[in-house]
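input-v4.tsv (TSV, C-alpha atoms) appears below.
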chain	number	residue	atom	x	y	z
V	298	MET	CA	-119.47	90.90	120.29
V	299	GLY	CA	-120.54	94.28	121.72
V	300	ASP	CA	-120.23	95.35	125.35
V	301	CYS	CA	-122.97	94.69	127.85
V	302	GLU	CA	-124.67	97.92	128.85
V	303	LYS	CA	-123.33	97.46	132.41
V	304	ALA	CA	-119.70	97.06	131.30
V	305	HIS	CA	-118.83	100.69	131.98
V	306	LEU	CA	-119.65	100.18	135.69
V	307	LEU	CA	-117.28	97.28	136.21
V	308	GLY	CA	-114.15	99.40	136.69
V	309	ALA	CA	-115.74	101.52	139.40
V	310	TYR	CA	-117.11	98.35	141.03
V	311	HIS	CA	-113.66	96.76	140.98
V	312	ASP	CA	-112.12	99.92	142.46
V	313	GLY	CA	-114.72	100.16	145.24
V	314	GLU	CA	-115.98	103.46	143.82
V	315	LEU	CA	-119.57	102.45	143.10
V	316	PRO	CA	-122.31	103.57	145.53
V	317	PRO	CA	-123.76	100.72	147.66
V	318	ASP	CA	-127.11	100.61	145.80
V	319	ALA	CA	-125.43	100.43	142.40
V	320	CYS	CA	-123.07	97.78	143.81
V	321	ARG	CA	-125.95	95.52	144.85
V	322	GLU	CA	-127.66	95.97	141.49
V	323	LEU	CA	-124.46	95.15	139.59
V	324	GLU	CA	-123.83	92.07	141.73
V	325	ARG	CA	-127.30	90.77	140.82
V	326	HIS	CA	-126.46	91.45	137.15
V	327	LEU	CA	-123.06	89.70	137.42
V	328	ALA	CA	-124.71	86.54	138.66
V	329	GLY	CA	-126.46	86.20	135.29
V	330	CYS	CA	-124.03	87.85	132.82
V	331	SER	CA	-120.99	85.76	131.97
V	332	GLN	CA	-119.64	88.50	129.69
V	333	CYS	CA	-119.47	91.02	132.55
V	334	ALA	CA	-118.14	88.40	134.96
V	335	ALA	CA	-115.28	87.64	132.56
V	336	GLU	CA	-114.60	91.34	132.02
V	337	LEU	CA	-114.43	91.91	135.78
V	338	GLN	CA	-111.95	89.07	136.07
V	339	ARG	CA	-109.76	90.64	133.36
V	340	ILE	CA	-109.81	93.99	135.16
V	341	GLY	CA	-108.65	92.24	138.33
V	342	GLU	CA	-105.93	90.45	136.40
V	343	LEU	CA	-104.66	93.71	134.94
V	344	THR	CA	-104.51	95.25	138.42
V	345	ARG	CA	-102.48	92.28	139.68
V	346	MET	CA	-100.11	92.55	136.72
V	347	LEU	CA	-99.61	96.27	137.31
V	348	SER	CA	-98.87	95.66	140.98
V	349	CYS	CA	-95.61	94.01	139.92
V	350	LEU	CA	-94.30	97.47	139.08
V	351	GLY	CA	-94.41	98.09	142.85
V	352	GLN	CA	-93.34	101.13	144.78
V	353	VAL	CA	-90.27	103.01	143.63
V	354	ARG	CA	-87.94	104.48	146.22
V	355	ILE	CA	-86.21	107.74	145.45
V	356	PRO	CA	-82.42	107.26	145.35
V	357	PRO	CA	-80.60	109.37	147.98
V	358	ASP	CA	-78.37	111.03	145.39
V	359	THR	CA	-81.47	112.10	143.41
V	360	LEU	CA	-82.90	113.70	146.54
V	361	ASP	CA	-79.56	115.47	147.15
V	362	ARG	CA	-79.58	116.86	143.62
V	363	LEU	CA	-83.15	118.08	144.07
V	364	HIS	CA	-82.09	119.91	147.24
V	365	ARG	CA	-79.17	121.50	145.43
V	366	ALA	CA	-81.50	122.59	142.62
V	367	ALA	CA	-83.86	124.05	145.21
V	368	ASP	CA	-80.96	126.04	146.70
V	369	ALA	CA	-80.42	127.65	143.32
V	370	LEU	CA	-83.96	129.03	143.27
V	371	PRO	CA	-84.06	132.69	144.29
V	372	THR	CA	-85.70	133.41	147.61
V	373	VAL	CA	-89.31	134.52	147.58
V	374	ALA	CA	-88.48	137.71	149.46
V	375	VAL	CA	-86.00	138.81	146.82
V	376	ARG	CA	-88.43	137.96	144.05
V	377	ARG	CA	-91.21	139.87	145.78
V	378	MET	CA	-88.99	142.93	146.34
V	379	ALA	CA	-87.82	142.84	142.73
V	380	GLY	CA	-91.45	142.69	141.64
V	381	VAL	CA	-92.47	145.65	143.81
V	382	LEU	CA	-89.47	147.70	142.70
V	383	SER	CA	-90.17	147.08	139.04
V	384	SER	CA	-93.81	148.08	139.54
V	385	VAL	CA	-92.79	151.31	141.26
V	386	ALA	CA	-90.24	152.06	138.55
V	387	ALA	CA	-92.88	151.48	135.87
V	388	ILE	CA	-95.32	153.86	137.60
V	389	VAL	CA	-92.66	156.57	138.01
V	390	LEU	CA	-91.65	156.21	134.38
V	391	THR	CA	-95.26	156.46	133.21
V	392	VAL	CA	-95.93	159.56	135.33
V	393	CYS	CA	-92.72	161.28	134.16
V	394	THR	CA	-93.46	160.50	130.51
V	395	ALA	CA	-97.00	161.84	130.83
V	396	GLY	CA	-95.70	165.00	132.61
V	397	LEU	CA	-93.12	165.67	129.95
V	398	SER	CA	-95.62	165.30	127.12
V	399	ILE	CA	-98.03	167.76	128.83
V	400	GLN	CA	-95.20	170.23	129.37
V	401	ASP	CA	-94.18	169.95	125.71
V	402	SER	CA	-97.67	170.64	124.41
V	403	SER	CA	-98.23	173.67	126.72
V	404	ALA	CA	-94.92	175.21	125.62
V	405	SER	CA	-96.08	175.57	122.01
V	406	PRO	CA	-96.74	179.14	120.80
V	407	SER	CA	-100.36	178.45	119.96
V	408	ALA	CA	-101.05	177.62	123.60
V	409	MET	CA	-99.86	181.05	124.87
V	410	PRO	CA	-102.46	182.54	127.29
V	411	PHE	CA	-104.69	185.32	125.97
V	412	TRP	CA	-103.43	187.93	128.42
V	413	GLU	CA	-99.81	187.38	127.33
V	414	THR	CA	-100.65	187.94	123.66
V	415	GLN	CA	-102.55	191.11	124.62
V	416	VAL	CA	-99.63	192.38	126.66
V	417	LEU	CA	-97.20	191.79	123.81
V	418	SER	CA	-99.38	193.44	121.17
V	419	GLN	CA	-100.60	196.42	123.17
V	420	GLN	CA	-97.69	196.98	125.52
V	421	ALA	CA	-96.72	200.32	124.06
V	422	GLU	CA	-100.25	201.76	124.01
V	423	ALA	CA	-100.96	200.66	127.55
V	424	ALA	CA	-97.74	202.21	128.82
V	425	ASP	CA	-98.69	205.54	127.24
V	426	SER	CA	-102.18	205.56	128.71
V	427	GLY	CA	-100.86	205.03	132.23
V	428	SER	CA	-103.45	202.36	133.10
V	429	SER	CA	-101.40	199.23	132.36
V	430	GLU	CA	-102.28	197.52	135.66
V	431	GLU	CA	-106.02	197.84	135.08
V	432	LEU	CA	-105.66	196.55	131.51
V	433	LEU	CA	-103.55	193.62	132.67
V	434	VAL	CA	-106.10	192.60	135.32
V	435	GLY	CA	-108.84	192.85	132.69
V	436	TRP	CA	-107.00	190.65	130.20
V	437	MET	CA	-106.23	188.08	132.85
V	438	ALA	CA	-109.88	187.93	133.91
V	439	GLN	CA	-110.88	187.54	130.26
V	440	ASP	CA	-108.29	184.79	129.86
V	441	LEU	CA	-109.64	182.87	132.88
V	442	ALA	CA	-113.18	183.21	131.59
V	443	MET	CA	-112.10	181.76	128.21
V	444	ARG	CA	-110.47	178.75	129.94
V	445	ASP	CA	-113.64	178.04	131.94
V	446	GLU	CA	-115.70	177.80	128.78
V	447	PRO	CA	-116.23	174.20	127.65
A	165	MET	CA	-95.73	121.36	161.20
A	166	THR	CA	-98.39	121.16	158.47
A	167	ASP	CA	-97.70	121.63	154.77
A	168	TRP	CA	-99.69	124.85	154.79
A	169	GLU	CA	-97.55	126.25	157.63
A	170	LEU	CA	-94.42	125.36	155.68
A	171	VAL	CA	-95.82	127.12	152.59
A	172	ARG	CA	-96.42	130.26	154.64
A	173	LYS	CA	-92.89	130.13	156.02
A	174	VAL	CA	-91.50	129.87	152.48
A	175	LEU	CA	-93.58	132.90	151.50
A	176	PHE	CA	-91.94	134.81	154.35
A	177	GLY	CA	-88.51	133.94	152.97
A	178	ASP	CA	-87.70	130.79	154.97
A	179	HIS	CA	-86.00	128.69	152.31
A	180	GLU	CA	-85.38	125.86	154.75
A	181	ALA	CA	-89.13	125.30	154.87
A	182	PHE	CA	-89.07	124.69	151.11
A	183	HIS	CA	-86.45	121.96	151.67
A	184	ARG	CA	-88.73	120.39	154.26
A	185	LEU	CA	-91.60	120.35	151.75
A	186	LEU	CA	-89.25	118.74	149.25
A	187	ASP	CA	-88.20	116.06	151.77
A	188	ARG	CA	-91.82	115.39	152.60
A	189	HIS	CA	-93.22	115.09	149.06
A	190	ALA	CA	-90.36	114.18	146.72
A	191	PRO	CA	-90.31	110.46	147.62
A	192	GLY	CA	-94.00	109.93	146.78
A	193	LEU	CA	-93.86	112.13	143.71
A	194	TYR	CA	-90.76	110.32	142.43
A	195	GLY	CA	-92.77	107.09	142.13
A	196	LEU	CA	-95.47	108.91	140.23
A	197	ALA	CA	-92.93	110.63	137.98
A	198	ILE	CA	-91.07	107.45	137.12
A	199	ASN	CA	-94.33	105.71	136.20
A	200	LEU	CA	-95.41	108.63	134.06
A	201	VAL	CA	-92.16	109.23	132.18
A	202	GLY	CA	-90.49	105.84	132.38
A	203	SER	CA	-86.87	106.46	133.24
A	204	PRO	CA	-85.15	107.56	136.47
A	205	ALA	CA	-83.28	110.36	134.69
A	206	ASP	CA	-86.47	111.76	133.14
A	207	ALA	CA	-88.31	111.36	136.45
A	208	GLU	CA	-85.63	113.42	138.18
A	209	ASP	CA	-85.89	116.15	135.52
A	210	VAL	CA	-89.68	116.22	135.85
A	211	LEU	CA	-89.48	116.33	139.64
A	212	GLN	CA	-86.98	119.18	139.50
A	213	GLU	CA	-89.24	121.12	137.13
A	214	THR	CA	-92.19	120.37	139.40
A	215	PHE	CA	-90.55	121.87	142.49
A	216	ALA	CA	-89.24	124.84	140.52
A	217	GLY	CA	-92.77	125.42	139.20
A	218	ALA	CA	-94.21	125.05	142.69
A	219	PHE	CA	-91.72	127.56	144.06
A	220	ARG	CA	-92.61	130.09	141.36
A	221	GLY	CA	-96.31	129.51	141.92
A	222	LEU	CA	-96.34	129.53	145.73
A	223	ARG	CA	-97.85	133.01	145.89
A	224	THR	CA	-100.84	131.88	143.86
A	225	PHE	CA	-101.45	128.76	145.95
A	226	ARG	CA	-104.62	129.40	147.94
A	227	GLY	CA	-104.89	126.10	149.78
A	228	GLN	CA	-108.05	125.03	147.97
A	229	SER	CA	-106.45	121.61	147.56
A	230	SER	CA	-103.79	119.94	149.67
A	231	VAL	CA	-100.14	120.71	148.92
A	232	LYS	CA	-99.71	117.09	147.82
A	233	THR	CA	-102.57	117.37	145.29
A	234	TRP	CA	-101.26	120.72	144.08
A	235	LEU	CA	-97.77	119.28	143.55
A	236	THR	CA	-99.33	116.26	141.83
A	237	GLN	CA	-101.18	118.58	139.44
A	238	ILE	CA	-97.94	120.38	138.56
A	239	LEU	CA	-96.09	117.10	138.14
A	240	ILE	CA	-98.74	115.67	135.80
A	241	ARG	CA	-98.50	118.79	133.60
A	242	GLN	CA	-94.69	118.65	133.58
A	243	ALA	CA	-94.71	114.92	132.80
A	244	ALA	CA	-97.13	115.42	129.90
A	245	ARG	CA	-94.92	118.18	128.51
A	246	HIS	CA	-91.85	116.01	128.94
A	247	HIS	CA	-93.56	113.05	127.30
A	248	ARG	CA	-94.63	115.15	124.30
A	249	SER	CA	-91.11	116.42	123.66
A	250	ARG	CA	-89.60	112.98	124.20
A	251	ARG	CA	-92.10	111.36	121.83
A	252	ARG	CA	-91.01	113.72	119.06
A	253	HIS	CA	-87.39	112.57	119.50
A	254	LYS	CA	-88.41	108.94	119.88
A	255	VAL	CA	-90.38	108.91	116.64
A	256	MET	CA	-87.29	110.17	114.86
A	257	ARG	CA	-85.09	107.50	116.45
A	258	LEU	CA	-87.55	104.71	115.65
A	259	GLU	CA	-87.83	105.83	112.04
A	260	GLN	CA	-84.06	105.69	111.75
A	261	ALA	CA	-83.83	102.32	113.50
A	262	ASP	CA	-86.75	100.55	111.78
A	263	SER	CA	-84.70	98.96	109.05
A	264	THR	CA	-82.27	97.27	111.44
A	265	MET	CA	-84.44	96.26	114.42
A	266	PRO	CA	-86.24	92.91	114.57
A	267	VAL	CA	-90.03	93.26	115.05
A	268	ALA	CA	-90.86	89.84	116.53
A	269	PRO	CA	-91.18	89.67	120.35
A	270	SER	CA	-88.26	87.81	121.87
A	271	ALA	CA	-88.38	85.04	124.48
A	272	GLN	CA	-86.63	87.40	126.85
A	273	ARG	CA	-89.53	89.83	126.46
A	274	GLN	CA	-91.96	87.11	127.50
A	275	ALA	CA	-89.90	86.47	130.61
A	276	ASP	CA	-89.62	90.07	131.65
A	277	LEU	CA	-93.20	90.88	132.50
A	278	ARG	CA	-92.27	93.90	134.51
A	279	MET	CA	-90.44	95.53	131.65
A	280	ASP	CA	-93.26	94.83	129.23
A	281	ILE	CA	-95.84	96.35	131.56
A	282	ALA	CA	-93.70	99.43	132.07
A	283	LYS	CA	-93.30	99.75	128.31
A	284	ALA	CA	-97.01	99.29	127.72
A	285	VAL	CA	-97.85	101.99	130.26
A	286	GLN	CA	-95.43	104.34	128.55
A	287	SER	CA	-96.95	103.73	125.14
A	288	LEU	CA	-100.45	104.69	126.28
A	289	ALA	CA	-101.86	108.07	125.32
A	290	SER	CA	-101.08	110.68	127.99
A	291	GLU	CA	-104.60	110.90	129.39
A	292	HIS	CA	-104.81	107.10	129.62
A	293	ARG	CA	-101.40	106.75	131.19
A	294	GLU	CA	-102.25	109.36	133.80
A	295	VAL	CA	-105.39	107.61	135.03
A	296	ILE	CA	-103.74	104.16	135.03
A	297	VAL	CA	-100.78	105.42	137.03
A	298	LEU	CA	-102.86	107.45	139.48
A	299	ARG	CA	-105.33	104.64	140.10
A	300	GLU	CA	-103.41	101.42	139.72
A	301	LEU	CA	-99.97	102.48	140.89
A	302	GLN	CA	-100.70	105.36	143.25
A	303	GLY	CA	-103.99	103.97	144.55
A	304	MET	CA	-105.73	107.32	144.28
A	305	SER	CA	-109.51	107.61	144.71
A	306	TYR	CA	-111.62	108.80	141.76
A	307	ASP	CA	-112.34	112.09	143.52
A	308	LYS	CA	-108.65	112.76	144.16
A	309	MET	CA	-107.86	111.86	140.56
A	310	ALA	CA	-110.50	114.27	139.31
A	311	GLU	CA	-108.97	117.01	141.48
A	312	ALA	CA	-105.41	116.25	140.38
A	313	LEU	CA	-106.33	116.11	136.70
A	314	GLY	CA	-108.76	119.03	136.82
A	315	VAL	CA	-111.56	117.05	135.17
A	316	PRO	CA	-115.01	115.86	136.35
A	317	ARG	CA	-115.25	112.49	138.10
A	318	GLY	CA	-117.27	111.11	135.18
A	319	THR	CA	-114.36	111.87	132.85
A	320	VAL	CA	-112.01	109.97	135.17
A	321	GLU	CA	-114.33	106.94	135.00
A	322	SER	CA	-114.63	106.98	131.21
A	323	ARG	CA	-110.88	107.55	130.70
A	324	LEU	CA	-110.09	104.70	133.07
A	325	PHE	CA	-112.49	102.42	131.22
A	326	ARG	CA	-110.79	103.15	127.89
A	327	ALA	CA	-107.28	103.11	129.40
A	328	ARG	CA	-107.76	99.62	130.83
A	329	ARG	CA	-108.99	98.38	127.48
A	330	ALA	CA	-106.03	99.95	125.69
A	331	LEU	CA	-103.52	98.56	128.18
A	332	ARG	CA	-105.05	95.12	127.97
A	333	ASP	CA	-104.75	95.23	124.19
A	334	LEU	CA	-101.07	96.08	124.51
A	335	LEU	CA	-100.53	93.22	126.97
A	336	LYS	CA	-102.89	90.75	125.30
A	337	GLU	CA	-100.25	88.06	125.08
A	338	TYR	CA	-100.38	87.81	128.88
A	339	PHE	CA	-104.15	87.39	128.98
A	340	THR	CA	-105.43	83.88	128.53
Would you mind writing the structure in this file as structure tokens?
Amino acid sequence: MGDCEKAHLLGAYHDGELPPDACRELERHLAGCSQCAAELQRIGELTRMLSCLGQVRIPPDTLDRLHRAADALPTVAVRRMAGVLSSVAAIVLTVCTAGLSIQDSSASPSAMPFWETQVLSQQAEAADSGSSEELLVGWMAQDLAMRDEP
Amino acid sequence: MTDWELVRKVLFGDHEAFHRLLDRHAPGLYGLAINLVGSPADAEDVLQETFAGAFRGLRTFRGQSSVKTWLTQILIRQAARHHRSRRRHKVMRLEQADSTMPVAPSAQRQADLRMDIAKAVQSLASEHREVIVLRELQGMSYDKMAEALGVPRGTVESRLFRARRALRDLLKEYFT
């Protein structure tokens, strides 16, 4: 035999969890539905059976062991400090690594500034002409202009 | 002092406040644990894992639910985990023992209603066991159950409906 369409409401009714309007409607239904009335009785019976399990008291020695286990947990302050310190260390490490990699790439010969290459290649000529300072300033200005270009 | 005040003290490094929370909630949670996992030893393990988990998670606790509900949520998760791992071992033991154990219910089993009910509760599926224990043994309201289990109230109602049916089937010899 299948369930009555109101059967799913019986648990909530038994537990006092049904709204008052729905309660009244279900009570009217129960008066004429023996299937639901029997089901409600079985729900009540199950609740009474389960009540025999009763309340369980925590044994004192169990509580003592729980306290000892709690003592073993590290304090929040230490955990927080460890967390902050590891974050700082990670940031420092990242910054240093990034700095070193930039330094490495700028030290390569191909990245030598324009004015330095000009000085090296034309050093002798410039010294002879007696205008080395003017030439140097010119190359440096040219170098800066090249860096500004996108 | 309220639970929330104790939580704040723990966050500021007062470990004694954590012991006070433990004293306050362990007795109630022990009953829940023993009904969810079945044995005192397992209940103690689950409770210990619950408080360790709570301690680790204190910084993320925002007070949206009560401390009791929050601890209950953790305990239910720990108990489900514990039950899963225990079931794996139990299946192995039962398979080994099947050939030697009698299958007929004994007269002693009839007499010991309490033990049979406890066994029946333990053999329910996790989601059924949880709602039976929270409602029938802890007396929790549907709204509180929904909060503790992290499911809608309608789900609590439908799970409870099916759980009662399943439990009644397991205990049918006691129903006239």
What residues in chain A have any atom no more than 8 Å from chain V when counting only C-alpha atoms, and can you write them as a PyMOL selection string? chain A and resi 174-177+179+182-183+186-187+190-191+194-195+198+208+211-212+215-216+219+278+281-282+300-301+305-306+321-322+324-325+328+332+339
Grab the CA of Ala244 in chain A to CA of Ala327 in chain A distance for me, in Å with one decimal place. 16.0 Å
d(CA of Gly303 in chain A, CA of Val320 in chain A) in Å: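 Taking CA of Gly303 in chain A as the start and CA of Val320 in chain A as the end point, the length is 13.7 Å.
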Counting all atoms listed in the file, I want the residues whose atoms come within 12 Å of (-100.3, 118.2, 138.5) in the file frame, returned as a VMD selection string. chain A and resid 193 196 to 197 200 210 to 211 213 to 215 217 to 218 229 to 245 294 298 308 to 315
re CA of Asp300 in chain V and CA of Glu336 in chain V: distance 9.6 Å
A:Ala181, A:Gly192, A:Met165, A:Tyr338: which is nearest Leu277 in chain A, counting all atoms listed in the file?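 Smallest separation from Leu277 in chain A among the options: A:Tyr338.
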What lies within 9 Å of Arg293 in chain A using all atoms listed in the file, ignoring chain neighbours under 4 positions off, as a list in words?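 My reading of the contact set: Asn199, Leu200, Val285, Gln286, Ser287, Leu288, Ala289, Val297, Leu298, Ala327 and Leu331 of chain A.
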Restore N, CA and C atoms in range 189-217 of chain A and list the result as a tab-separated table (two decimals), in the frame of the given file.
chain	number	residue	atom	x	y	z
A	189	HIS	N	-92.41	115.51	150.22
A	189	HIS	CA	-93.22	115.09	149.06
A	189	HIS	C	-92.42	114.46	147.91
A	190	ALA	N	-91.14	114.71	147.85
A	190	ALA	CA	-90.36	114.18	146.72
A	190	ALA	C	-90.40	112.66	146.63
A	191	PRO	N	-90.30	111.92	147.75
A	191	PRO	CA	-90.31	110.46	147.62
A	191	PRO	C	-91.59	109.92	146.97
A	192	GLY	N	-92.74	110.39	147.37
A	192	GLY	CA	-94.00	109.93	146.78
A	192	GLY	C	-94.15	110.37	145.34
A	193	LEU	N	-93.74	111.60	145.08
A	193	LEU	CA	-93.86	112.13	143.71
A	193	LEU	C	-92.88	111.46	142.75
A	194	TYR	N	-91.75	110.99	143.29
A	194	TYR	CA	-90.76	110.32	142.43
A	194	TYR	C	-91.37	109.06	141.81
A	195	GLY	N	-92.10	108.30	142.63
A	195	GLY	CA	-92.77	107.09	142.13
A	195	GLY	C	-93.75	107.43	141.03
A	196	LEU	N	-94.50	108.48	141.25
A	196	LEU	CA	-95.47	108.91	140.23
A	196	LEU	C	-94.75	109.34	138.95
A	197	ALA	N	-93.67	110.12	139.14
A	197	ALA	CA	-92.93	110.63	137.98
A	197	ALA	C	-92.33	109.49	137.17
A	198	ILE	N	-91.75	108.53	137.86
A	198	ILE	CA	-91.07	107.45	137.12
A	198	ILE	C	-92.09	106.60	136.35
A	199	ASN	N	-93.29	106.46	136.91
A	199	ASN	CA	-94.33	105.71	136.20
A	199	ASN	C	-94.92	106.51	135.04
A	200	LEU	N	-94.86	107.82	135.15
A	200	LEU	CA	-95.41	108.63	134.06
A	200	LEU	C	-94.41	108.84	132.92
A	201	VAL	N	-93.13	108.95	133.26
A	201	VAL	CA	-92.16	109.23	132.18
A	201	VAL	C	-91.23	108.07	131.86
A	202	GLY	N	-91.18	107.08	132.74
A	202	GLY	CA	-90.49	105.84	132.38
A	202	GLY	C	-89.07	105.65	132.87
A	203	SER	N	-88.26	106.68	132.85
A	203	SER	CA	-86.87	106.46	133.24
A	203	SER	C	-86.50	107.30	134.45
A	204	PRO	N	-85.57	106.80	135.27
A	204	PRO	CA	-85.15	107.56	136.47
A	204	PRO	C	-84.62	108.96	136.14
A	205	ALA	N	-83.86	109.05	135.04
A	205	ALA	CA	-83.28	110.36	134.69
A	205	ALA	C	-84.39	111.35	134.32
A	206	ASP	N	-85.36	110.88	133.53
A	206	ASP	CA	-86.47	111.76	133.14
A	206	ASP	C	-87.33	112.11	134.36
A	207	ALA	N	-87.50	111.12	135.25
A	207	ALA	CA	-88.31	111.36	136.45
A	207	ALA	C	-87.66	112.46	137.31
A	208	GLU	N	-86.34	112.40	137.39
A	208	GLU	CA	-85.63	113.42	138.18
A	208	GLU	C	-85.81	114.81	137.55
A	209	ASP	N	-85.69	114.87	136.22
A	209	ASP	CA	-85.89	116.15	135.52
A	209	ASP	C	-87.29	116.70	135.79
A	210	VAL	N	-88.28	115.81	135.67
A	210	VAL	CA	-89.68	116.22	135.85
A	210	VAL	C	-89.92	116.69	137.29
A	211	LEU	N	-89.31	115.98	138.23
A	211	LEU	CA	-89.48	116.33	139.64
A	211	LEU	C	-88.82	117.70	139.93
A	212	GLN	N	-87.67	117.90	139.32
A	212	GLN	CA	-86.98	119.18	139.50
A	212	GLN	C	-87.82	120.34	138.93
A	213	GLU	N	-88.38	120.09	137.75
A	213	GLU	CA	-89.24	121.12	137.13
A	213	GLU	C	-90.50	121.34	137.96
A	214	THR	N	-90.99	120.27	138.56
A	214	THR	CA	-92.19	120.37	139.40
A	214	THR	C	-91.94	121.28	140.61
A	215	PHE	N	-90.82	121.05	141.30
A	215	PHE	CA	-90.55	121.87	142.49
A	215	PHE	C	-90.18	123.30	142.11
A	216	ALA	N	-89.53	123.47	140.97
A	216	ALA	CA	-89.24	124.84	140.52
A	216	ALA	C	-90.55	125.56	140.19
A	217	GLY	N	-91.46	124.84	139.53
A	217	GLY	CA	-92.77	125.42	139.20
A	217	GLY	C	-93.57	125.73	140.45
